[in-house]
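**Q** Got a structure here, written out as structure tokens. Questions coming.
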Amino acid sequence: MKTSIAIYPGSFDPVTNGHLDLIERGEKMFDLVIVAVLSNVEKRPLFSVPERVEMLREVTQKWPGVEVDVFHGLLVDYARKRGAGVILRGIRAISDYEYELQMALMNRKLEPRLETVFMLPGESYSYLSSKLVREIAQLGGPLKDLVPPEVEQRLRAKVL
Ligand code: PNS
């Protein structure tokens, strides 16, 4: 397995500046960062998978070493298929740790050759989440500095 390919998986509903901060950091460390949108989420998303992929492609096109894709099923199977050796995840605060630890250890059990690498986003994004962004948008609050302008436009259009 090549360790220079990292998968950055998530729901990205929608992508935030915190995600982008992490992608930018990952892009400096790995030859290829595959931003992988999970398509079999149970919760009702605000944006469809194609909408989320389109937004991610728009805001990551400046990085040639970043690709956006969709995956179904187990993350470890997808990583194996893509020849990735690393799963990239962000930890914002200690509250993220328990869930992330559980996922990382389960993924290690399922595929011991796959390493989870945790990165810290810039501290100004430590309180930022897609869930809060959706809530602020739905209640008509300001989204400046939380999401890229392209995403803000889509959010405004979605909640009108
Ligand atoms: O952005 P999220 O919702 O925190 O991302 C969660 C995600 C997509 C990384 C996680 O749910 C996942 O990897 N799902 C794929 C199914 C899977 O492999 N489950 C076992 C993981 S321990």
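Just so we're on the same page: first chain in the structure tokens is A, next is B, and so on; residues restart at 1 for each chain, and ligands are numbered from 1 in the order they show up.
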Could you list, as JSON, numbers by chain, all the residues within 9 Å of ligand 1, counting only C-alpha atoms and all ligand atoms?
**A** {"A": [8, 9, 10, 11, 12, 13, 36, 37, 38, 39, 40, 41, 71, 72, 73, 74, 75, 76, 77, 78, 87, 89, 99, 100, 102, 103, 104, 105, 106, 107, 108, 110, 130]}
**Q** Output the selection as a compact mmCIF listing (two decimals), in the first residue's frame - N, CA and C atoms for each residue.
**A**
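Saved the output as out_1.txt:
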# COMPACT_ATOMS: atom_id res chain seq x y z
N TYR A 8 -9.57 11.27 2.77
CA TYR A 8 -10.19 12.13 3.76
C TYR A 8 -11.71 11.92 3.65
N PRO A 9 -12.26 11.01 4.49
CA PRO A 9 -13.68 10.67 4.32
C PRO A 9 -14.58 11.54 5.18
N GLY A 10 -15.82 11.65 4.76
CA GLY A 10 -16.77 12.41 5.58
C GLY A 10 -18.10 12.58 4.89
N SER A 11 -18.98 13.31 5.56
CA SER A 11 -20.31 13.59 5.00
C SER A 11 -20.27 14.88 4.18
N PHE A 12 -19.52 15.86 4.64
CA PHE A 12 -19.35 17.14 3.94
C PHE A 12 -20.69 17.76 3.53
N ASP A 13 -21.57 17.92 4.50
CA ASP A 13 -22.93 18.42 4.20
C ASP A 13 -23.18 19.77 4.88
N ALA A 36 -13.39 11.83 0.15
CA ALA A 36 -14.37 10.80 -0.18
C ALA A 36 -15.69 11.06 0.56
N VAL A 37 -16.73 11.31 -0.21
CA VAL A 37 -18.05 11.61 0.36
C VAL A 37 -18.80 10.29 0.56
N LEU A 38 -19.24 10.06 1.78
CA LEU A 38 -20.00 8.83 2.06
C LEU A 38 -21.40 8.98 1.49
N SER A 39 -21.81 7.97 0.70
CA SER A 39 -23.12 8.13 0.06
C SER A 39 -24.23 7.37 0.77
N ASN A 40 -23.89 6.44 1.68
CA ASN A 40 -24.98 5.70 2.33
C ASN A 40 -25.27 6.19 3.74
N VAL A 41 -25.41 7.51 3.88
CA VAL A 41 -25.72 8.05 5.21
C VAL A 41 -27.19 7.83 5.53
N PHE A 71 -17.95 7.32 -1.99
CA PHE A 71 -17.77 5.90 -1.67
C PHE A 71 -19.01 5.35 -0.98
N HIS A 72 -19.20 4.04 -1.16
CA HIS A 72 -20.32 3.32 -0.54
C HIS A 72 -19.70 2.24 0.33
N GLY A 73 -20.41 1.82 1.32
CA GLY A 73 -19.95 0.66 2.11
C GLY A 73 -18.81 1.00 3.05
N LEU A 74 -17.99 0.00 3.32
CA LEU A 74 -16.92 0.17 4.31
C LEU A 74 -15.79 1.03 3.78
N LEU A 75 -15.34 1.93 4.64
CA LEU A 75 -14.23 2.81 4.27
C LEU A 75 -12.96 2.01 3.96
N VAL A 76 -12.71 0.96 4.74
CA VAL A 76 -11.48 0.19 4.52
C VAL A 76 -11.48 -0.49 3.13
N ASP A 77 -12.66 -0.90 2.68
CA ASP A 77 -12.75 -1.52 1.35
C ASP A 77 -12.45 -0.49 0.27
N TYR A 78 -12.99 0.70 0.48
CA TYR A 78 -12.75 1.77 -0.49
C TYR A 78 -11.26 2.14 -0.50
N ILE A 87 -5.84 7.08 6.33
CA ILE A 87 -7.14 7.75 6.48
C ILE A 87 -6.85 9.04 7.22
N ARG A 89 -8.16 12.29 9.25
CA ARG A 89 -9.32 12.83 9.97
C ARG A 89 -8.87 14.03 10.78
N TYR A 99 -15.13 9.41 19.62
CA TYR A 99 -15.71 8.88 18.38
C TYR A 99 -14.61 8.55 17.37
N GLU A 100 -13.64 9.44 17.26
CA GLU A 100 -12.56 9.24 16.30
C GLU A 100 -11.69 8.04 16.69
N GLN A 102 -12.63 5.43 18.42
CA GLN A 102 -13.42 4.22 18.17
C GLN A 102 -13.37 3.84 16.68
N MET A 103 -13.56 4.84 15.83
CA MET A 103 -13.55 4.57 14.39
C MET A 103 -12.17 4.13 13.93
N ALA A 104 -11.13 4.82 14.41
CA ALA A 104 -9.77 4.51 13.97
C ALA A 104 -9.39 3.09 14.39
N LEU A 105 -9.76 2.72 15.62
CA LEU A 105 -9.39 1.38 16.10
C LEU A 105 -10.19 0.30 15.39
N MET A 106 -11.45 0.58 15.09
CA MET A 106 -12.26 -0.39 14.35
C MET A 106 -11.72 -0.54 12.93
N ASN A 107 -11.36 0.58 12.32
CA ASN A 107 -10.78 0.49 10.97
C ASN A 107 -9.46 -0.28 10.99
N ARG A 108 -8.69 -0.11 12.07
CA ARG A 108 -7.41 -0.84 12.19
C ARG A 108 -7.66 -2.34 12.33
N LEU A 110 -10.25 -3.87 11.11
CA LEU A 110 -10.72 -4.36 9.81
C LEU A 110 -9.59 -4.43 8.78
N SER A 130 -20.38 21.25 10.11
CA SER A 130 -21.40 21.35 9.05
C SER A 130 -22.78 21.49 9.68
**Q** Excluding same-chain residues fewer than 6 positions from Thr60 in chain A, what lies within 12 Å of it counting only C-alpha atoms, as a list in words?
**A**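 Skipping anything fewer than 6 positions along the chain leaves Val15, Thr16, Asn17, His19, Leu20, Asp21, Leu22, Ile23, Glu24, Glu27, Val33, Ile34, Val35, Val53, Glu54, Val66, Glu67, Val68, Pro148 and Glu150 of chain A.
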**Q** Pick from A:Gly65, A:Pro142, A:Pro50, A:Gly122: nearest to Ala93 in chain A, with only C-alpha atoms counted?
**A**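 Looking only at the distances to Ala93 in chain A, the closest residue turns out to be A:Gly122.
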**Q** Where in range 13-160 of chain A does DSSP assign strand (DSSP E or B), given as a PyMOL selection string?
**A** chain A and resi 32-38+66-71+84-90+115-119
**Q** Could the residues in this selection be written to a file with N, CA, C and O atoms, as a short mmCIF file (atom, residue, chain, number, x, y, z; two decimals), in the first residue's frame?
**A**
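Done, and the output landed in result-v2.cif:
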data_model
loop_
_atom_site.label_atom_id
_atom_site.label_comp_id
_atom_site.auth_asym_id
_atom_site.auth_seq_id
_atom_site.Cartn_x
_atom_site.Cartn_y
_atom_site.Cartn_z
N LEU A 32 -1.38 12.42 -2.93
CA LEU A 32 -2.78 12.55 -3.35
C LEU A 32 -3.69 12.49 -2.13
O LEU A 32 -3.54 11.59 -1.29
N VAL A 33 -4.58 13.44 -2.03
CA VAL A 33 -5.62 13.39 -0.98
C VAL A 33 -6.94 13.16 -1.70
O VAL A 33 -7.35 13.98 -2.55
N ILE A 34 -7.59 12.05 -1.38
CA ILE A 34 -8.90 11.76 -1.98
C ILE A 34 -9.97 12.14 -0.96
O ILE A 34 -10.07 11.52 0.10
N VAL A 35 -10.71 13.19 -1.27
CA VAL A 35 -11.81 13.60 -0.40
C VAL A 35 -12.99 12.71 -0.78
O VAL A 35 -13.49 12.76 -1.91
N ALA A 36 -13.39 11.83 0.15
CA ALA A 36 -14.37 10.80 -0.18
C ALA A 36 -15.69 11.06 0.56
O ALA A 36 -15.74 11.02 1.79
N VAL A 37 -16.73 11.31 -0.21
CA VAL A 37 -18.05 11.61 0.36
C VAL A 37 -18.80 10.29 0.56
O VAL A 37 -18.99 9.54 -0.40
N LEU A 38 -19.24 10.06 1.78
CA LEU A 38 -20.00 8.83 2.06
C LEU A 38 -21.40 8.98 1.49
O LEU A 38 -22.10 9.95 1.76
N VAL A 66 -5.48 16.99 -5.13
CA VAL A 66 -6.71 16.67 -4.38
C VAL A 66 -7.78 16.20 -5.37
O VAL A 66 -8.00 16.83 -6.40
N GLU A 67 -8.39 15.07 -5.03
CA GLU A 67 -9.44 14.51 -5.88
C GLU A 67 -10.70 14.34 -5.02
O GLU A 67 -10.59 14.08 -3.82
N VAL A 68 -11.85 14.49 -5.63
CA VAL A 68 -13.10 14.30 -4.89
C VAL A 68 -13.81 13.07 -5.47
O VAL A 68 -13.91 12.93 -6.68
N ASP A 69 -14.28 12.21 -4.59
CA ASP A 69 -14.93 10.97 -5.05
C ASP A 69 -16.06 10.62 -4.08
O ASP A 69 -16.21 11.25 -3.01
N VAL A 70 -16.84 9.63 -4.45
CA VAL A 70 -17.93 9.14 -3.60
C VAL A 70 -17.61 7.71 -3.23
O VAL A 70 -17.05 6.98 -4.04
N PHE A 71 -17.95 7.32 -1.99
CA PHE A 71 -17.77 5.90 -1.67
C PHE A 71 -19.01 5.35 -0.98
O PHE A 71 -19.78 6.08 -0.37
N ALA A 84 -4.87 3.32 -1.02
CA ALA A 84 -4.48 4.32 -0.01
C ALA A 84 -3.97 3.65 1.25
O ALA A 84 -4.46 2.60 1.65
N GLY A 85 -2.98 4.25 1.88
CA GLY A 85 -2.42 3.71 3.11
C GLY A 85 -2.81 4.51 4.34
O GLY A 85 -2.52 4.12 5.47
N VAL A 86 -3.48 5.64 4.11
CA VAL A 86 -3.78 6.56 5.21
C VAL A 86 -5.23 7.03 5.15
O VAL A 86 -5.75 7.33 4.07
N ILE A 87 -5.84 7.08 6.33
CA ILE A 87 -7.14 7.75 6.48
C ILE A 87 -6.85 9.04 7.22
O ILE A 87 -6.21 9.02 8.28
N LEU A 88 -7.27 10.13 6.67
CA LEU A 88 -7.02 11.43 7.28
C LEU A 88 -8.29 11.89 7.98
O LEU A 88 -9.38 11.86 7.38
N ARG A 89 -8.16 12.29 9.25
CA ARG A 89 -9.32 12.83 9.97
C ARG A 89 -8.87 14.03 10.78
O ARG A 89 -7.73 14.10 11.25
N GLY A 90 -9.79 14.95 10.99
CA GLY A 90 -9.49 16.13 11.80
C GLY A 90 -10.05 15.95 13.20
O GLY A 90 -11.13 15.38 13.38
N GLU A 115 -3.44 3.15 8.13
CA GLU A 115 -3.11 3.99 9.29
C GLU A 115 -4.02 5.22 9.32
O GLU A 115 -4.20 5.87 8.28
N THR A 116 -4.60 5.53 10.47
CA THR A 116 -5.38 6.78 10.58
C THR A 116 -4.45 7.88 11.08
O THR A 116 -3.75 7.70 12.07
N VAL A 117 -4.44 8.99 10.37
CA VAL A 117 -3.62 10.14 10.76
C VAL A 117 -4.57 11.26 11.16
O VAL A 117 -5.46 11.65 10.39
N PHE A 118 -4.40 11.76 12.39
CA PHE A 118 -5.24 12.87 12.86
C PHE A 118 -4.49 14.17 12.69
O PHE A 118 -3.31 14.27 13.03
N MET A 119 -5.20 15.17 12.21
CA MET A 119 -4.60 16.50 12.09
C MET A 119 -5.48 17.51 12.81
O MET A 119 -6.70 17.32 12.90
#
**Q** Can you tell me how far CA of Phe47 in chain A sits from CA of Ser129 in chain A, in Å to one decimal?
**A**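 If I compute the distance from CA of Phe47 in chain A to CA of Ser129 in chain A, I get 14.9 Å.
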**Q** So which residues of chain A fall under alpha helix (DSSP H) by DSSP, listed as an MDAnalysis selection string?
**A** chainID A and resid 17:29 49:60 75:82 94:110 130:138 149:159
**Q** Excluding same-chain residues fewer than 3 positions from Val133 in chain A, what lies within 12 Å of it counting only C-alpha atoms, as an NGL selection string?
**A** :A and (12-18 or 46 or 125 or 127-130 or 136-148 or 151-152 or 155-156 or 159)
**Q** If you measure from CA of Arg134 in chain A to CA of Ile94 in chain A, what distance in Å do you get, rounded to one decimal?
**A**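 A separation of 22.5 Å between them.
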**Q** Find the distance between CA of Arg82 in chain A and CA of Val49 in chain A and write it in Å to one decimal.
**A** 19.6 Å
**Q** Pick out the residues sitting within 7 Å of Ser4 in chain A, and hand them over as a list in words; count only C-alpha atoms, and ignore anything fewer than 2 positions along from it in its own chain.
**A**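 Here the answer would be Lys2, Ala6, Phe30, Asp31 and Leu32 of chain A.
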